[in-house]
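Notes for the one structure printed next.
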Amino acid sequence: MLKKIVTFRPSFTLRILTGLVAFLFMLSVCTLTYVADITTTLSERDLQFRGRLIEQGARYYKDQCARCHGPEGKGIDGIAPGISNENFLGQVEFREVDGQRVIQQIKPSKRLAELGYKGTLRDYIRSVIASGLPIKSSADWADPHPPFLDSYGGPLRDDQVDNITSFVINWAQAPKPDGESILPPPPGSGGAPKPTAVPLTADQEAGKQVYLKAGCNACHAIKGVGSQGAVGPNLSKIYTLSAETIASADYKSKVKDQPASTTPEDFIKQSIHYPNAYIAPQCPTGACPAGVMPQNFKDTIPAADFDKLVAYLSMLK
Amino acid sequence: MAVIGEKLVKQLRTTGVKSTVAQRLDDAFTRWNTGLTWNDVRGVLRGDPPAKPNPRVKPHTESFWYHIRPTFYHEAVTTLYPTFRLGLLSAVFFTWEIITGLFLMIFYTPSPTAAYVNMIDIMTNVPFGKFMRDLHRIGAEGMVIVVTLHMCRTFITASYKKPRQFTWFTGVILLIITLFLSFSGYLLPWDQLAFWAVTIGTSMADAAPLVGREVNLLLRGAPDIGAGGLLRFYLFHVLLFPLIGVVFVAVHYYKVVRFGISLPPDMDAVGEDTARKVPPEKRVNFLPDIATNEIMYAAVTFAVLAILSATVFAAPLENHANPKQTPLHTVAPWYFYWLQGLLKIPHVIPFLPGADSFFANGLGLTPKVFWGVIVGPLLIAVLFIVPYIDPNPSRRYGDRKIALGIGALFAALILYLSLAGRPLGVPITGFGYVGGDPAVEVGQHFIPDEGEGVIKEMSFDALVPGTYDVIGTPSSGSAELDKMIEEINSEISSRKANADPLGKIMPADAKGTVAIEDIQVDLRKFTLFIDYTDAKGAPQKFEKYIYLHKESGYSH
Ligand code: HEM
């Protein structure tokens, strides 16, 4: 049998026929592929890659943007505006046009109109991410927008910036309600610090300097005070927050020898000296991690400075 | 004075219009067909026996293309055995790659900022684009297989022996060119798969003693692969290697015409070669028999490749290359697994760790340099000298037990090393296994850093948002998700029960959790958590996640 196969000699006719059939087969496969491509598969594949690039964007957004804009893009008070809301994105919808699914804008971006920006929303987002903003548009924000594209000194490549942009725009199918987001103040309010409602006393002003010197702003944000990140809870209203915490039912101290606080001031003091006494539930990027806030401030901040710091934090209501 | 058309006018006058046109057409036809008249061609197509003297050998002297093909073969080598048409198929694949490659070249820019976007464009915007890409890829991998098999067959039939030593020599060059062509093309899509496979490959050059750093710089254009490296690999791939390939295919073909295809080993007396001394009755003429045979093989190959590409085969395209993030378990392309296997040999002299320091201090030889950079290329170099060191004049199978035995051992060695080159290593001995922490491995198994993965291929609707304990009998509300959770559970359990080849075992208290969240419309996040207590008694939490879009279509 095997011998028959390996010594088989196809006749001239068989050779011509086999070759012809194979050739026609290849031609028809090519034709079918071509027809499939121009009618459906090209646009299907286009949607596929759109999806895959959004997946990538989601990953980079989590790594790079969530710390300021929040995991759901709702913004963080004092740090960054929301970018997933209707005011910013407007709204889009998938529609069938000529048998193909295409994206159509059904509500325009109010923010873009307000800014008088000439390009598309995609251009705007891309350029803010890529080059950052040289100055902040409002004193509400701790810092101006950092650049993200590598050629502007950022950490990301071109394609990554593109993917993040696709991800942000993808919120426009179901934008978050404006009411749930931090909206930016109208353009033109400028970068000068807003006058604080209550002027600081000398002690409080000194406390603010202690806050900055001790590096609290590496993790915490206070509206109008520079901050480098959002690891710990926002302290803009820490006094009110503390009062609410100690009033809540499940509040208790977890550190031995440290009884639960009874006044907001005590709570603030305890939170700085014994951060683990009570782990705040909500940090900007999710549940608060325990043991991240340094445990040694009671040794490094002198008592006099500490009182001023607490005086400062206690006026943030 | 010669007037243009004077001859034509004369001919018209003497023989009339009809006969002149017929005559002129016949002339043109004969010239086009390098000496074959219309009647000759008709005879060929009808399958008539050739006249005497045979007019069908004329093209072999008249035309370049026929000149590099023999006029006739011995009857005995025109069946499947002994050549299996593998040499012809190598040439067919080579041609195929040039055609499909030209198509892809039109849409490709060798730059890190453009290449990957071009790839997506080819697949989503160019009619035929994905088809051509698949064809080119399947052709490249097919060519490696076919050329290797062709080498095996010429070894087994001892066709490398006198007078064909140099044919074999040029063949080895063609094998190397084939591997290099495949490898240099691997980088061009500029995705993670490409980038890291080639980074690993060229880092071997870096390890070479004395010239390593310079060779590496020449290849990559910089210490790391970037714009310069991509451009160089592109030029290697589309210019240098094909050029060398064409030259050596020509020499190789010339040698085949010169010596004829060797007869089946037992047909010649020992030490004799009668491939070119074919008695007339044993001759099979190139025109039309060999030619039609070859065209048939080519047509069938093209058809098979086209069908495979249109149906099951798809050239992979992973995420954009990211020099800052090495995917876990990066591997070289499969035809270099054996080299990766060599790199995993832990000591210069296997099973003798003590000798390592001697080699390292005395000669600066680390096991990697020794096995990867010295032994690896040597294994290929050995092929070059096969015809010159084989002292046996006989081509008969029975007389070549030693040579065939060594050949089989060599093949087995390459196979064993190839198995070891994979992250899983060799099945029973466990040699070559690389694996980190059991939890990380479970994560990699279900959510690999790059490439196909089972979670990726789940249907979007099966990803019901919620948090699920990984247990044997989950009830998530989706049968498909239940099945996946069950699989994760059994993977965790089996890693608790059995240590991996490196002795790592999953702590008994390990507990998995699966969380699925809605992130955006049609976008969900799948996270796998594994909580366990490590050897020091500290609680650990492993987490790996993947975002999945409804449209991304990994499953098909
Ligand atoms: C691109 C790669 C190659 C091409 C296009 C090619 C092409 C061919 C062709 C058309 C033949 C005629 C006989 C046949 O079809 O088997 C042949 C014969 C031969 N090839 Fe190759 N070849 C290639 C690679 C190799 C390699 C890698 C080797 C071995 C290391 C090799 C060694 C030989 C030898 C020894 C013969 C003579 C066989 C005989 O006379 O029976 N070739 N080659």
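Letters A, B, ... go to the chains of the structure tokens in the order shown; residues in each chain start at 1; ligands are counted from 1 in the same order.
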
| task | Give me, as number ranges by chain, the contact residues of chain B against chain A at a cut-off of 6 Å, counting only C-alpha atoms. | result | B: 79-81, 124, 127-128, 296, 299-300, 303, 547-549, 551-553

Determine, for each residue of chain B having at least one atom at most 7 Å from an atom of ligand 1, the closest pair of atoms and their separation in Å to one decimal, counting only C-alpha atoms and all ligand atoms; order by chain and ascending number, as a tab-separated table.
```
residue	atom	partner	partner_atom_place_in_ligand_line	distance
B:Thr83	CA	ligand 1	16 (O)	4.4
B:Phe84	CA	ligand 1	16 (O)	6.8
B:Arg85	CA	ligand 1	15 (O)	4.7
B:Leu86	CA	ligand 1	16 (O)	5.2
B:Gly87	CA	ligand 1	15 (O)	3.4
B:Leu88	CA	ligand 1	10 (C)	4.1
B:Ser90	CA	ligand 1	5 (C)	4.3
B:Ala91	CA	ligand 1	5 (C)	3.7
B:Phe94	CA	ligand 1	1 (C)	6.4
B:Val147	CA	ligand 1	24 (C)	5.4
B:Thr148	CA	ligand 1	27 (C)	6.1
B:His150	CA	ligand 1	25 (C)	6.2
B:Met151	CA	ligand 1	29 (C)	4.1
B:Thr154	CA	ligand 1	35 (C)	5.2
B:Ser159	CA	ligand 1	41 (O)	4.8
B:Tyr160	CA	ligand 1	35 (C)	4.3
B:Arg164	CA	ligand 1	35 (C)	6.0
B:Gln165	CA	ligand 1	35 (C)	6.9
B:Thr167	CA	ligand 1	35 (C)	5.1
B:Trp168	CA	ligand 1	35 (C)	4.0
B:Phe169	CA	ligand 1	30 (C)	6.4
B:Thr170	CA	ligand 1	31 (C)	7.0
B:Gly171	CA	ligand 1	26 (C)	3.3
B:Val172	CA	ligand 1	30 (C)	3.9
B:Ile173	CA	ligand 1	27 (C)	6.9
B:Leu174	CA	ligand 1	2 (C)	4.8
B:Leu175	CA	ligand 1	27 (C)	4.1
B:Thr178	CA	ligand 1	1 (C)	6.3
B:Gly245	CA	ligand 1	1 (C)	6.8
B:Val249	CA	ligand 1	5 (C)	5.5
B:His252	CA	ligand 1	43 (N)	6.3
B:Tyr253	CA	ligand 1	9 (C)	6.1
B:Val256	CA	ligand 1	12 (C)	5.7
B:Gly260	CA	ligand 1	40 (O)	6.0
B:Ile261	CA	ligand 1	40 (O)	3.5
B:Ser262	CA	ligand 1	41 (O)	3.9
B:Leu263	CA	ligand 1	41 (O)	6.8
B:Leu383	CA	ligand 1	30 (C)	6.8
```

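CA of Phe336 (chain B) to CA of Gly201 (chain B) spans 8.8 Å [interatomic distance, one decimal].
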
| field | All residues 12 Å or closer to Ala80 (chain A), only C-alpha atoms, same chain fewer than 3 positions away omitted, as a PyMOL selection string | value | chain A and resi 65-70+73-77+83-84+136-146+181-185+221-224+226-230+284

| Using only C-alpha atoms: which of A:Gln209, A:Asn296, A:Gln104, A:Ser109 has the shortest distance to Asn85 (chain A) | A:Ser109

| message | Which residues are close to region 319-322 of chain B, i.e. within 9 Å by only C-alpha atoms, leaving aside same-chain residues fewer than 3 positions away? Reply as a PyMOL selection string. | response | (chain A and resi 52-53+56+157+159-160) or (chain B and resi 112+116-117+189-196+325-326+450-451)

| message | Could you list, as a list in words, every residue within 8 Å of Thr78 (chain B), counting only C-alpha atoms and ignoring same-chain residues fewer than 4 positions away? | response | Arg9 of chain A; Tyr73, His74, Val284 and Ile290 of chain B

| said: For the structure I just gave you, how does DSSP split region 249-495 of chain B - specifically, which residues are strand (DSSP E)? Reply as number ranges by chain. | reply: B: 283-285, 466-469
